[in-house]
Each structure stands twice: as C-alpha cells, then as structure tokens.
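Colleague: Contents of my_file37.txt (compact mmCIF, C-alpha atoms) are below:
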```
# COMPACT_ATOMS: atom_id res chain seq x y z
CA MET A 21 -11.47 39.29 78.29
CA ILE A 22 -13.93 36.42 78.10
CA ASP A 23 -13.04 33.55 75.75
CA LYS A 24 -14.97 33.52 72.46
CA THR A 25 -16.36 30.04 73.15
CA GLN A 26 -16.23 27.35 75.81
CA LYS A 27 -13.72 24.92 74.30
CA ILE A 28 -14.79 21.30 74.60
CA ARG A 29 -12.16 18.91 75.88
CA LYS A 30 -11.88 15.45 74.39
CA GLU A 31 -13.91 12.77 76.21
CA GLU A 32 -15.62 15.42 78.38
CA LEU A 33 -18.78 13.96 79.97
CA ALA A 34 -21.90 15.89 78.99
CA VAL A 35 -25.63 15.96 79.64
CA LEU A 36 -28.03 17.11 76.91
CA VAL A 37 -31.04 19.32 77.68
CA GLY A 38 -34.02 20.03 75.42
CA LEU A 39 -37.62 21.25 75.52
CA VAL A 40 -40.76 19.85 73.94
CA GLN A 41 -42.54 23.04 72.87
CA LYS A 42 -45.78 23.76 71.02
CA GLU A 43 -46.29 21.92 67.72
CA GLN A 44 -43.47 19.48 68.50
CA THR A 45 -43.96 15.76 68.99
CA ASP A 46 -41.95 13.60 71.39
CA GLU A 47 -40.54 11.75 68.36
CA GLN A 48 -39.30 14.98 66.79
CA VAL A 49 -37.61 16.08 69.99
CA GLN A 50 -35.91 12.68 70.38
CA GLU A 51 -34.61 13.04 66.81
CA TYR A 52 -33.35 16.56 67.61
CA MET A 53 -31.61 15.20 70.71
CA ASP A 54 -30.04 12.42 68.60
CA GLU A 55 -28.62 15.14 66.36
CA LEU A 56 -27.38 17.12 69.39
CA SER A 57 -25.71 13.94 70.67
CA PHE A 58 -24.03 13.49 67.28
CA LEU A 59 -22.85 17.11 67.40
CA ALA A 60 -21.42 16.54 70.88
CA GLU A 61 -19.65 13.38 69.67
CA THR A 62 -18.23 15.30 66.68
CA ALA A 63 -16.87 17.94 69.08
CA GLY A 64 -15.21 15.23 71.20
CA ALA A 65 -17.63 15.10 74.16
CA VAL A 66 -19.44 12.00 75.44
CA ALA A 67 -23.19 12.49 75.94
CA VAL A 68 -24.20 10.27 78.86
CA LYS A 69 -27.73 11.48 79.71
CA ARG A 70 -30.65 13.41 78.18
CA PHE A 71 -33.08 15.65 80.04
CA ILE A 72 -36.27 16.69 78.23
CA GLN A 73 -39.08 18.85 79.61
CA LYS A 74 -42.46 19.81 78.17
CA MET A 75 -42.96 23.58 78.39
CA PRO A 76 -44.90 26.07 76.24
CA HIS A 77 -41.82 28.31 76.13
CA PRO A 78 -38.36 28.41 77.79
CA ASP A 79 -37.95 29.93 81.27
CA SER A 80 -36.42 33.39 80.89
CA LYS A 81 -33.92 32.80 83.71
CA THR A 82 -32.93 29.14 83.56
CA PHE A 83 -34.44 27.85 80.24
CA VAL A 84 -35.95 24.81 82.04
CA GLY A 85 -38.13 24.85 85.15
CA LYS A 86 -36.72 24.89 88.70
CA GLY A 87 -37.66 21.26 89.35
CA LYS A 88 -35.97 20.04 86.16
CA LEU A 89 -32.87 22.11 86.89
CA GLU A 90 -32.67 20.57 90.37
CA GLU A 91 -32.98 17.09 88.80
CA ILE A 92 -30.12 17.90 86.39
CA LYS A 93 -28.02 19.28 89.28
CA LYS A 94 -28.37 16.06 91.32
CA TYR A 95 -27.36 13.93 88.35
CA VAL A 96 -24.42 16.19 87.46
CA GLN A 97 -23.06 16.08 91.00
CA SER A 98 -23.52 12.31 91.41
CA LYS A 99 -21.94 11.35 88.06
CA GLY A 100 -19.08 13.84 87.81
CA ILE A 101 -20.44 15.55 84.67
CA ASP A 102 -18.26 18.24 83.07
CA LEU A 103 -20.62 19.96 80.65
CA ALA A 104 -24.30 20.73 80.01
CA ILE A 105 -25.37 21.24 76.39
CA PHE A 106 -28.72 22.89 75.61
CA ASP A 107 -30.46 22.30 72.27
CA ASP A 108 -31.54 25.93 71.83
CA GLU A 109 -29.76 29.28 72.03
CA LEU A 110 -29.30 30.64 75.55
CA THR A 111 -28.88 34.27 76.57
CA GLY A 112 -25.81 35.37 78.51
CA SER A 113 -27.81 35.62 81.75
CA GLN A 114 -29.34 32.15 81.23
CA ILE A 115 -25.85 30.67 80.72
CA ASN A 116 -24.64 32.43 83.87
CA ASN A 117 -27.66 31.40 85.99
CA ILE A 118 -27.54 27.75 84.90
CA ALA A 119 -23.76 27.53 85.38
CA ASP A 120 -24.09 29.02 88.90
CA GLU A 121 -26.72 26.41 89.78
CA LEU A 122 -25.03 23.37 88.21
CA GLY A 123 -21.41 24.30 88.94
CA ILE A 124 -20.20 23.14 85.50
CA ASN A 125 -19.65 24.64 82.04
CA VAL A 126 -22.84 25.39 80.11
CA ILE A 127 -23.07 25.85 76.34
CA ASP A 128 -25.91 25.96 73.83
CA ARG A 129 -26.34 24.44 70.38
CA SER A 130 -24.87 27.48 68.60
CA ASP A 131 -21.75 27.47 70.79
CA LEU A 132 -21.35 23.73 70.17
CA ILE A 133 -21.55 24.21 66.38
CA LEU A 134 -19.06 27.09 66.59
CA ASP A 135 -16.69 24.85 68.57
CA ILE A 136 -16.88 22.19 65.82
CA PHE A 137 -16.37 24.78 63.08
CA GLY A 138 -13.40 26.20 64.99
CA SER A 139 -11.72 22.78 65.19
CA ARG A 140 -12.45 21.97 61.51
CA ALA A 141 -11.36 25.27 59.93
CA ARG A 142 -8.22 24.80 57.85
CA THR A 143 -7.93 27.65 55.34
CA ALA A 144 -7.41 31.32 56.22
CA GLN A 145 -10.89 32.11 54.93
CA ALA A 146 -12.62 29.49 57.10
CA LYS A 147 -10.66 30.54 60.20
CA VAL A 148 -11.63 34.20 59.76
CA GLN A 149 -15.27 33.25 59.12
CA VAL A 150 -15.45 31.11 62.26
CA GLU A 151 -13.74 33.75 64.43
CA LEU A 152 -16.14 36.41 63.13
CA ALA A 153 -19.14 34.20 63.93
CA GLN A 154 -17.76 33.52 67.43
CA TYR A 155 -17.43 37.23 68.23
CA GLN A 156 -20.90 37.95 66.81
CA TYR A 157 -22.27 35.18 69.06
CA LEU A 158 -20.44 36.60 72.08
CA LEU A 159 -21.36 40.29 71.72
CA PRO A 160 -25.04 40.18 72.86
CA ARG A 161 -24.13 37.81 75.73
CA LEU A 162 -21.43 39.93 77.36
CA LYS A 163 -23.71 41.56 79.93
CA GLY A 164 -25.05 38.28 81.26
CA MET A 165 -21.57 36.75 81.35
CA TRP A 166 -20.20 39.71 83.37
CA LYS A 167 -22.94 39.45 86.00
CA HIS A 168 -20.46 38.22 88.58
CA LEU A 169 -18.62 41.59 88.48
CA GLU A 170 -21.67 43.86 88.77
CA ARG A 171 -22.37 45.76 92.01
CA GLN A 172 -25.57 44.71 93.76
CA GLY A 173 -26.17 48.05 95.55
CA GLY A 174 -27.64 51.27 94.17
CA GLY A 175 -26.95 54.99 94.40
CA ILE A 176 -23.60 56.77 94.52
CA GLY A 177 -20.65 54.50 93.82
CA SER A 178 -22.80 51.68 92.45
CA ARG A 179 -21.25 51.92 88.98
CA GLY A 180 -18.54 49.42 89.75
CA PRO A 181 -15.72 47.79 87.78
CA GLY A 182 -18.08 45.25 86.24
CA GLU A 183 -19.84 47.87 84.15
CA THR A 184 -16.53 49.39 83.07
CA GLU A 185 -15.23 45.98 82.02
CA ILE A 186 -18.42 45.29 80.06
CA GLU A 187 -18.05 48.50 78.06
CA THR A 188 -14.36 47.81 77.49
CA ASP A 189 -15.10 44.30 76.27
CA ARG A 190 -17.92 45.52 74.04
CA ARG A 191 -15.59 48.00 72.38
CA ILE A 192 -12.88 45.35 71.94
CA VAL A 193 -15.36 42.84 70.47
CA LYS A 194 -16.88 45.43 68.09
CA ASP A 195 -13.41 46.50 66.94
CA LYS A 196 -12.47 42.86 66.40
CA ILE A 197 -15.66 42.22 64.39
CA ASN A 198 -14.92 45.23 62.15
CA LEU A 199 -11.33 44.07 61.65
CA LEU A 200 -12.40 40.51 60.77
CA ARG A 201 -15.02 41.80 58.34
CA LYS A 202 -12.37 43.86 56.53
CA ARG A 203 -10.02 40.87 56.42
CA LEU A 204 -12.83 38.64 55.13
CA ALA A 205 -13.71 41.21 52.44
CA GLU A 206 -10.09 41.11 51.22
CA ILE A 207 -10.12 37.29 51.10
CA ASP A 208 -13.49 37.38 49.29
CA LYS A 209 -11.99 39.63 46.59
CA GLN A 210 -9.17 37.13 46.07
CA MET A 211 -11.64 34.21 45.92
CA PHE A 212 -13.86 36.13 43.46
CA THR A 213 -10.85 36.71 41.23
CA GLN A 214 -9.98 33.02 41.36
CA ARG A 215 -13.54 32.08 40.40
CA LYS A 216 -13.47 34.52 37.47
CA GLU A 217 -10.24 32.97 36.22
CA ARG A 218 -11.84 29.52 35.94
CA GLY A 219 -13.02 30.34 32.43
CA GLU A 220 -16.20 29.40 30.61
CA PHE A 221 -17.06 26.22 32.48
CA ILE A 222 -20.47 25.14 33.69
CA ARG A 223 -20.48 24.96 37.50
CA VAL A 224 -22.14 22.18 39.50
CA SER A 225 -22.40 22.39 43.31
CA LEU A 226 -23.18 19.67 45.82
CA VAL A 227 -25.52 20.92 48.56
CA GLY A 228 -27.42 19.20 51.33
CA TYR A 229 -27.82 18.56 55.04
CA THR A 230 -24.63 17.75 56.90
CA ASN A 231 -23.46 14.11 56.81
CA VAL A 232 -25.60 13.01 53.85
CA GLY A 233 -22.66 11.81 51.72
CA LYS A 234 -21.73 14.86 49.62
CA SER A 235 -17.97 14.37 49.97
CA THR A 236 -18.23 10.67 49.14
CA ILE A 237 -20.15 11.54 45.96
CA MET A 238 -17.57 14.26 45.20
CA ASN A 239 -14.82 11.63 45.40
CA LEU A 240 -16.71 9.23 43.13
CA LEU A 241 -17.53 11.80 40.46
CA SER A 242 -14.20 13.65 40.42
CA LYS A 243 -11.92 10.70 41.29
CA SER A 244 -10.30 12.92 43.91
CA ASP A 245 -9.56 12.40 47.59
CA VAL A 246 -11.80 14.86 49.44
CA PHE A 247 -11.94 14.26 53.20
CA ALA A 248 -15.10 12.33 54.16
CA GLU A 249 -16.12 10.71 57.44
CA ASN A 250 -19.27 9.83 59.36
CA LYS A 251 -19.32 13.04 61.42
CA LEU A 252 -21.17 16.31 61.15
CA PHE A 253 -19.43 19.12 59.23
CA ALA A 254 -16.58 16.94 57.93
CA THR A 255 -16.29 19.51 55.10
CA LEU A 256 -15.94 23.20 55.97
CA ASP A 257 -13.92 24.63 53.10
CA THR A 258 -15.38 24.54 49.62
CA THR A 259 -13.50 22.12 47.35
CA THR A 260 -13.71 22.57 43.56
CA ARG A 261 -12.48 20.06 40.97
CA LYS A 262 -12.52 20.03 37.19
CA VAL A 263 -14.42 16.96 36.00
CA VAL A 264 -14.72 15.57 32.45
CA PHE A 265 -17.57 13.26 31.44
CA ASP A 266 -17.47 11.96 27.86
CA SER A 267 -15.26 14.85 26.63
CA THR A 268 -17.47 17.44 28.39
CA PRO A 269 -15.69 19.39 31.15
CA PHE A 270 -17.34 21.17 34.09
CA LEU A 271 -16.46 22.34 37.61
CA LEU A 272 -17.78 20.36 40.59
CA SER A 273 -17.82 21.91 44.09
CA ASP A 274 -18.42 20.34 47.49
CA THR A 275 -19.78 22.77 50.12
CA VAL A 276 -20.35 22.89 53.87
CA GLY A 277 -23.43 20.97 55.00
CA PHE A 278 -26.53 22.71 56.33
CA ILE A 279 -28.24 21.91 59.62
CA ARG A 280 -31.39 22.96 61.42
CA LYS A 281 -31.00 25.87 63.85
CA LEU A 282 -27.75 26.83 62.12
CA PRO A 283 -26.66 30.00 63.99
CA HIS A 284 -27.64 33.07 61.95
CA HIS A 285 -24.24 34.73 62.44
CA LEU A 286 -22.61 31.55 61.11
CA VAL A 287 -24.71 31.69 57.93
CA GLU A 288 -23.77 35.38 57.56
CA SER A 289 -20.06 34.65 58.04
CA PHE A 290 -20.06 31.73 55.61
CA LYS A 291 -22.03 33.45 52.84
CA SER A 292 -18.80 34.11 50.98
CA THR A 293 -17.91 30.40 51.08
CA LEU A 294 -21.42 29.67 49.83
CA ASP A 295 -20.85 31.95 46.82
CA GLU A 296 -20.07 28.66 45.06
CA VAL A 297 -23.74 27.76 45.56
CA ARG A 298 -25.02 31.17 44.44
CA GLU A 299 -22.85 31.14 41.32
CA ALA A 300 -23.52 27.50 40.40
CA ASP A 301 -25.40 26.62 37.22
CA ILE A 302 -26.69 23.30 38.58
CA LEU A 303 -27.26 22.15 42.17
CA LEU A 304 -27.04 18.51 43.25
CA HIS A 305 -29.21 18.39 46.39
CA VAL A 306 -27.95 15.27 48.20
CA VAL A 307 -30.39 13.64 50.63
CA ASP A 308 -29.86 10.83 53.14
CA VAL A 309 -33.06 8.94 52.33
CA SER A 310 -32.36 6.45 55.15
CA HIS A 311 -32.68 9.17 57.81
CA PRO A 312 -36.05 9.08 59.64
CA GLN A 313 -36.41 12.87 59.33
CA TYR A 314 -35.02 13.23 55.80
CA GLU A 315 -38.03 15.22 54.57
CA GLU A 316 -37.51 17.78 57.34
CA GLN A 317 -33.84 17.95 56.36
CA ILE A 318 -34.87 18.68 52.76
CA GLY A 319 -36.97 21.57 54.11
CA VAL A 320 -34.00 22.97 56.08
CA VAL A 321 -31.79 22.88 52.96
CA ASN A 322 -34.46 24.50 50.78
CA LYS A 323 -34.96 27.27 53.34
CA THR A 324 -31.20 27.95 53.44
CA LEU A 325 -31.06 27.99 49.63
CA GLN A 326 -33.86 30.56 49.66
CA GLU A 327 -31.81 32.72 52.07
CA LEU A 328 -28.91 32.47 49.61
CA ASN A 329 -31.16 33.35 46.64
CA ALA A 330 -30.25 30.00 45.05
CA PHE A 331 -33.52 28.07 45.39
CA GLU A 332 -34.65 28.66 41.79
CA LYS A 333 -31.53 27.14 40.21
CA PRO A 334 -31.80 23.91 38.15
CA THR A 335 -31.61 21.21 40.82
CA LEU A 336 -31.22 17.44 40.76
CA MET A 337 -32.26 15.72 43.97
CA VAL A 338 -29.83 12.86 44.70
CA LEU A 339 -31.48 10.48 47.18
CA ASN A 340 -28.45 8.74 48.64
CA LYS A 341 -27.93 5.77 51.02
CA MET A 342 -30.57 3.54 49.44
CA ASP A 343 -28.67 0.54 50.84
CA LEU A 344 -29.27 1.80 54.39
CA TYR A 345 -32.90 2.67 53.56
CA GLU A 346 -33.57 -0.94 52.53
CA GLU A 347 -31.63 -2.28 55.51
CA LYS A 348 -33.73 -0.19 57.94
CA ASN A 349 -37.12 -0.71 56.28
CA PHE A 350 -37.02 -4.25 54.88
CA ASP A 351 -36.62 -7.40 56.94
CA ALA A 352 -35.52 -10.80 55.64
CA TRP A 353 -39.12 -12.12 55.56
CA LEU A 354 -40.58 -9.31 53.46
CA GLU A 355 -41.80 -10.64 50.13
CA ALA A 356 -39.98 -9.47 47.01
CA ASP A 357 -43.08 -8.04 45.34
CA VAL A 358 -43.96 -6.01 48.47
CA ARG A 359 -40.40 -4.73 48.61
CA GLN A 360 -40.57 -3.63 44.96
CA GLU A 361 -43.95 -1.96 45.52
CA ILE A 362 -42.56 0.12 48.42
CA LEU A 363 -39.56 1.19 46.32
CA ARG A 364 -41.80 2.02 43.37
CA GLU A 365 -44.04 4.22 45.54
CA LEU A 366 -40.98 6.01 46.95
CA ARG A 367 -39.66 6.72 43.44
CA GLU A 368 -43.04 7.88 42.15
CA LYS A 369 -43.45 10.21 45.14
CA TRP A 370 -40.17 12.05 44.53
CA GLU A 371 -40.39 11.98 40.75
CA ALA A 372 -43.71 13.81 41.09
CA ALA A 373 -42.34 16.23 43.71
CA THR A 374 -39.24 17.08 41.62
CA GLU A 375 -40.85 16.84 38.17
CA GLY A 376 -38.56 13.94 37.33
CA ASN A 377 -35.37 15.66 38.54
CA CYS A 378 -34.36 13.01 41.06
CA ILE A 379 -32.22 9.90 41.15
CA PHE A 380 -31.76 7.13 43.75
CA ILE A 381 -28.22 5.98 44.52
CA SER A 382 -25.91 4.48 47.12
CA ALA A 383 -22.52 6.22 47.06
CA THR A 384 -20.80 3.72 49.36
CA GLU A 385 -22.13 0.74 47.37
CA ARG A 386 -21.67 2.64 44.06
CA THR A 387 -25.23 1.82 43.08
CA ASN A 388 -26.57 3.81 40.08
CA ILE A 389 -23.50 6.10 39.95
CA ASP A 390 -23.41 5.69 36.15
CA GLY A 391 -27.01 6.90 36.06
CA LEU A 392 -26.01 9.95 38.13
CA ARG A 393 -23.12 10.70 35.75
CA THR A 394 -25.43 10.48 32.74
CA PHE A 395 -28.00 12.77 34.35
CA ILE A 396 -25.35 15.40 35.21
CA LEU A 397 -23.79 15.14 31.75
CA ASN A 398 -27.12 15.75 30.01
CA LYS A 399 -27.89 18.80 32.19
CA VAL A 400 -24.39 20.24 31.70
CA ARG A 401 -24.58 19.80 27.92
CA GLU A 402 -27.99 21.49 27.79
CA ILE A 403 -26.58 24.62 29.44
CA TYR A 404 -23.42 24.59 27.29
CA GLN A 405 -25.50 24.45 24.12
CA VAL A 406 -27.48 27.53 25.19
CA ARG A 407 -24.71 29.60 26.78
CA TYR A 408 -21.57 28.60 24.88
CA PRO A 409 -22.77 27.00 21.61
CA TYR A 410 -19.37 27.56 19.96
CA LYS A 411 -17.75 25.27 22.56
CA THR A 412 -20.06 22.31 22.06
CA VAL A 413 -18.36 21.34 18.79
CA GLN A 414 -15.03 20.70 20.50
CA PHE A 415 -16.73 18.86 23.40
CA TYR A 416 -18.59 16.40 21.19
```
Kindly present the structure from the file in structure tokens form.
Modeller:
Amino acid sequence: MIDKTQKIRKEELAVLVGLVQKEQTDEQVQEYMDELSFLAETAGAVAVKRFIQKMPHPDSKTFVGKGKLEEIKKYVQSKGIDLAIFDDELTGSQINNIADELGINVIDRSDLILDIFGSRARTAQAKVQVELAQYQYLLPRLKGMWKHLERQGGGIGSRGPGETEIETDRRIVKDKINLLRKRLAEIDKQMFTQRKERGEFIRVSLVGYTNVGKSTIMNLLSKSDVFAENKLFATLDTTTRKVVFDSTPFLLSDTVGFIRKLPHHLVESFKSTLDEVREADILLHVVDVSHPQYEEQIGVVNKTLQELNAFEKPTLMVLNKMDLYEEKNFDAWLEADVRQEILRELREKWEAATEGNCIFISATERTNIDGLRTFILNKVREIYQVRYPYKTVQFY
C-alpha cells in the first residue's frame, strides 16, 4: 500500500513553488514563501530556490503553467534537487503529474505539516491524532496516486489490477481511519477524566500562531522546563502546570500553535488536544509583534478559535518580542521622542482594539513579565470570586 506521507530526509534539497492569486500582493506571497521555507527547515529539508507564478487560479493538471513547470524541471535537473514543495494543497493526480514531469518527490503544504507533526509527536494521543490526519489526507488522493497502474484501453478487460488495488487500498484506509477514531475516542475519555480530577481550579491556556513564544512564556510563568526552540510546532502535546501567584493557584496550559492553511483534517484530529482551549476560563493570546504579518497571524488564530467555539472567552492579548520589534523598526539615529511616539501609538492601537486587555512584553529579555503576572492574577481572582467565593478566603 502507498505510504501515508512522503517522509523528508534530513538535508534533502528542495525547491518551493507558490502562486500569486487574486487579492494577493507580491509581498504577501513572499511572506507565505518565507513561512514555507521555515516549515521545510523545521522538517529537515534545505530550501534552495523559490518559483512563484501569477495565475488567477491553479492549473487543474499541474498546479502551475506548462512554461513554469518546464523552468522548474530544468533547474531541478541541473542542481540535483530531491524534492518539490508546493504552498497549496495538491490533488492526487496533480502530485502524480508533477512528479512524472520533474522526476522527483512532490509534496504540498499539508503533507509537509503532517511530516513535521509526525516527527514531533511524543505521546500516544499525539501519535494517533497525526496518523489519523495522515490517512484522512491520503484517502481522497488514492486514485491520482494509483494512476500508474490503471489500464489505458477501454472495453472488455479494461478493468485492470490498478482499479482493484485502488478499491483494496480505499477499504484498508477507511478501516484504519475507523480504528484510529475508536482508539482516539478511548484516549479522549481518559484525558477527560484526568481533566475532571484537577479539581476546582481556574484554567488559563496559552494560544497563538506557531513560534510566537508560548512555550518560553510557559516556562517563565510556571518555572518549569517546557521544550522551546525557534522552529515551527516545537510544542505538539498540551502541557499543563499548576501555578501559584501570591497564594492564588490556577492551571496553566501550553497548546499547539496555529498556522495559516492548517490542514482541515489536522484540526479535526487535534480537536481533542485543543479541549484545553475550549475548557479554559482565560486565554492568553500570544502574538509575535515583531513579525511583519503579525496582524494576519492574529486573524488566523481568531478564526481557529471561532472554529473551536472558544473565541468569546475572556482573552488577554500578549504582544511578545518587543525587543525584536524595536530592533527591526528603530535605527541608532532615531530620536528618542520619535521612538516613544511610535511605541505610544502602537500601545494605543491595541488597547483600543482589545478594550484594554493587552500587554507588551519580551519573554526572552523578561521585560514586563511582572506586569503579565499581575494581569493574570487579577483576572484569575475575579473568576474565583464569582465561581468559588468560598475558596477566596483561603487564597487571600
């Protein structure tokens, strides 16, 4: 049977391919390709060249036009490229057609993200979730991937082994999906029981785009050692710690980061992991304010929270990496009063947008972390006083 995903080998040379479609600017597409390059790096590949084409919509057979595909083919053959990564989802027939033309492995953005998730999964729950998402990704692409076994002729005898193998594989994949769903449901029951046993604690969850600094903030607030690095999806499994600020205890959870074009089947598979978000009392929406497209990233996170029915929860926007923001936007000759005016306008903008529920910090520099602690403490105490008033006496 076909492998669930094309596994990426370490240091594999890759080209990146994207389209500039309607309502997209060249700057946006370059930013998207930067993110795709970062994804490739996280998976272990080395992105050596980008190919971008302006088209109103993707070609149904080869995603890009014939001329662009020929240009990619010449480069691939001359430079010994191993892999082509496309920034949008490809159908099974598109993958097959492009691979036939280029003579190398071809994957799309979804397959790349699944590869990263597969390598990062550590717990039984995460492994089952990733495997389920991989099979759900594979199922609609089986026909295109089996094209090389189909008979070209018609009439009697044309129903060859390719069609039989497709149906066999479909049945195997569907059975596997059903089995994984049952296994995931059992794990979910166990996780639900564990969450119920945590007692009457207010729950705070860190959410945000991938690689914005959630795990670093988790380590600062909980004084724990949660894995954090400058790569996408460093955290897959939800980590929960009991934290006590000024005699007031609460539970703090770090969750998997969101990303634009996150494969739908991956969101479905990880909804149980994101129960921590749905069941949280307070959300800390962490933002990398130094990122050029940080406002678009905020939109992606908000959209995902809406899909999880968690958008209306009390939320504090934590605008992180202020040190990098100043480094990128201020030069050594900028006058101090101009610098302060820019920072003041930035603060006023987000204080108005969040109705005062925002704070500016730098987790790596530990700037304004005490202010963040105070803000969280006040919000936690407000909810305790309403929900568990009999506990507030012992806390204070």
Colleague: Looking at A:Asp131, A:Glu187, A:Glu347, A:Glu121, which one is nearest to Lys81 of chain A, with distances taken over only C-alpha atoms?
Modeller: A:Glu121
Colleague: Using only C-alpha atoms, which residue out of A:Leu328, A:Val148, A:Leu59, A:Val306 lies closest to Arg203 of chain A?
Modeller: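 Checking each candidate against Arg203 of chain A, we get A:Val148 as the closest.
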Colleague: Between atom CA of Asn377 of chain A and atom CA of Lys243 of chain A, what is the spacing in Å?
Modeller: 24.1 Å
Colleague: Considering only C-alpha atoms, state which residue in the set A:Val150, A:Leu397, A:Val263, A:Leu89 is at the smallest distance from Leu134 of chain A.
Modeller: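 For Leu134 of chain A, the nearest of the candidates is A:Val150.
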Colleague: What's the separation between atom CA of Ala300 of chain A and atom CA of Arg223 of chain A, in Å to one decimal place?
Modeller: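 Computed distance, atom CA of Ala300 of chain A to atom CA of Arg223 of chain A, equals 4.9 Å.
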Colleague: What is the atom CA of Ile28 of chain A-atom CA of Tyr229 of chain A distance in Å, reported with one decimal?
Modeller: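 Straight-line distance from atom CA of Ile28 of chain A to atom CA of Tyr229 of chain A works out to 23.7 Å.
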Colleague: With distances taken over all atoms listed in the file, which residue among A:Leu344, A:Val68, A:Leu240, A:Ala356 lies nearest Asn388 of chain A?
Modeller: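 Counting all atoms listed in the file, the residue closest to Asn388 of chain A is A:Leu240.
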Colleague: Find, counting all atoms listed in the file, the residue in A:Glu332, A:Lys147, A:Ser310, A:Gln326 that gets nearest to Phe350 of chain A.
Modeller: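 Of the candidates, the smallest distance to Phe350 of chain A is held by A:Ser310.
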Colleague: Enclose the full set of atoms of segment 308-320 of chain A listed in the file within a box whose edges lie along x, y and z, apply 3 Å of padding to each of the six sides, and report centre and edge lengths in Å to one decimal as AutoDock Vina command-line options.
Modeller:
```
--center_x -33.9 --center_y 14.7 --center_z 56.0 --size_x 14.2 --size_y 22.5 --size_z 13.3
```
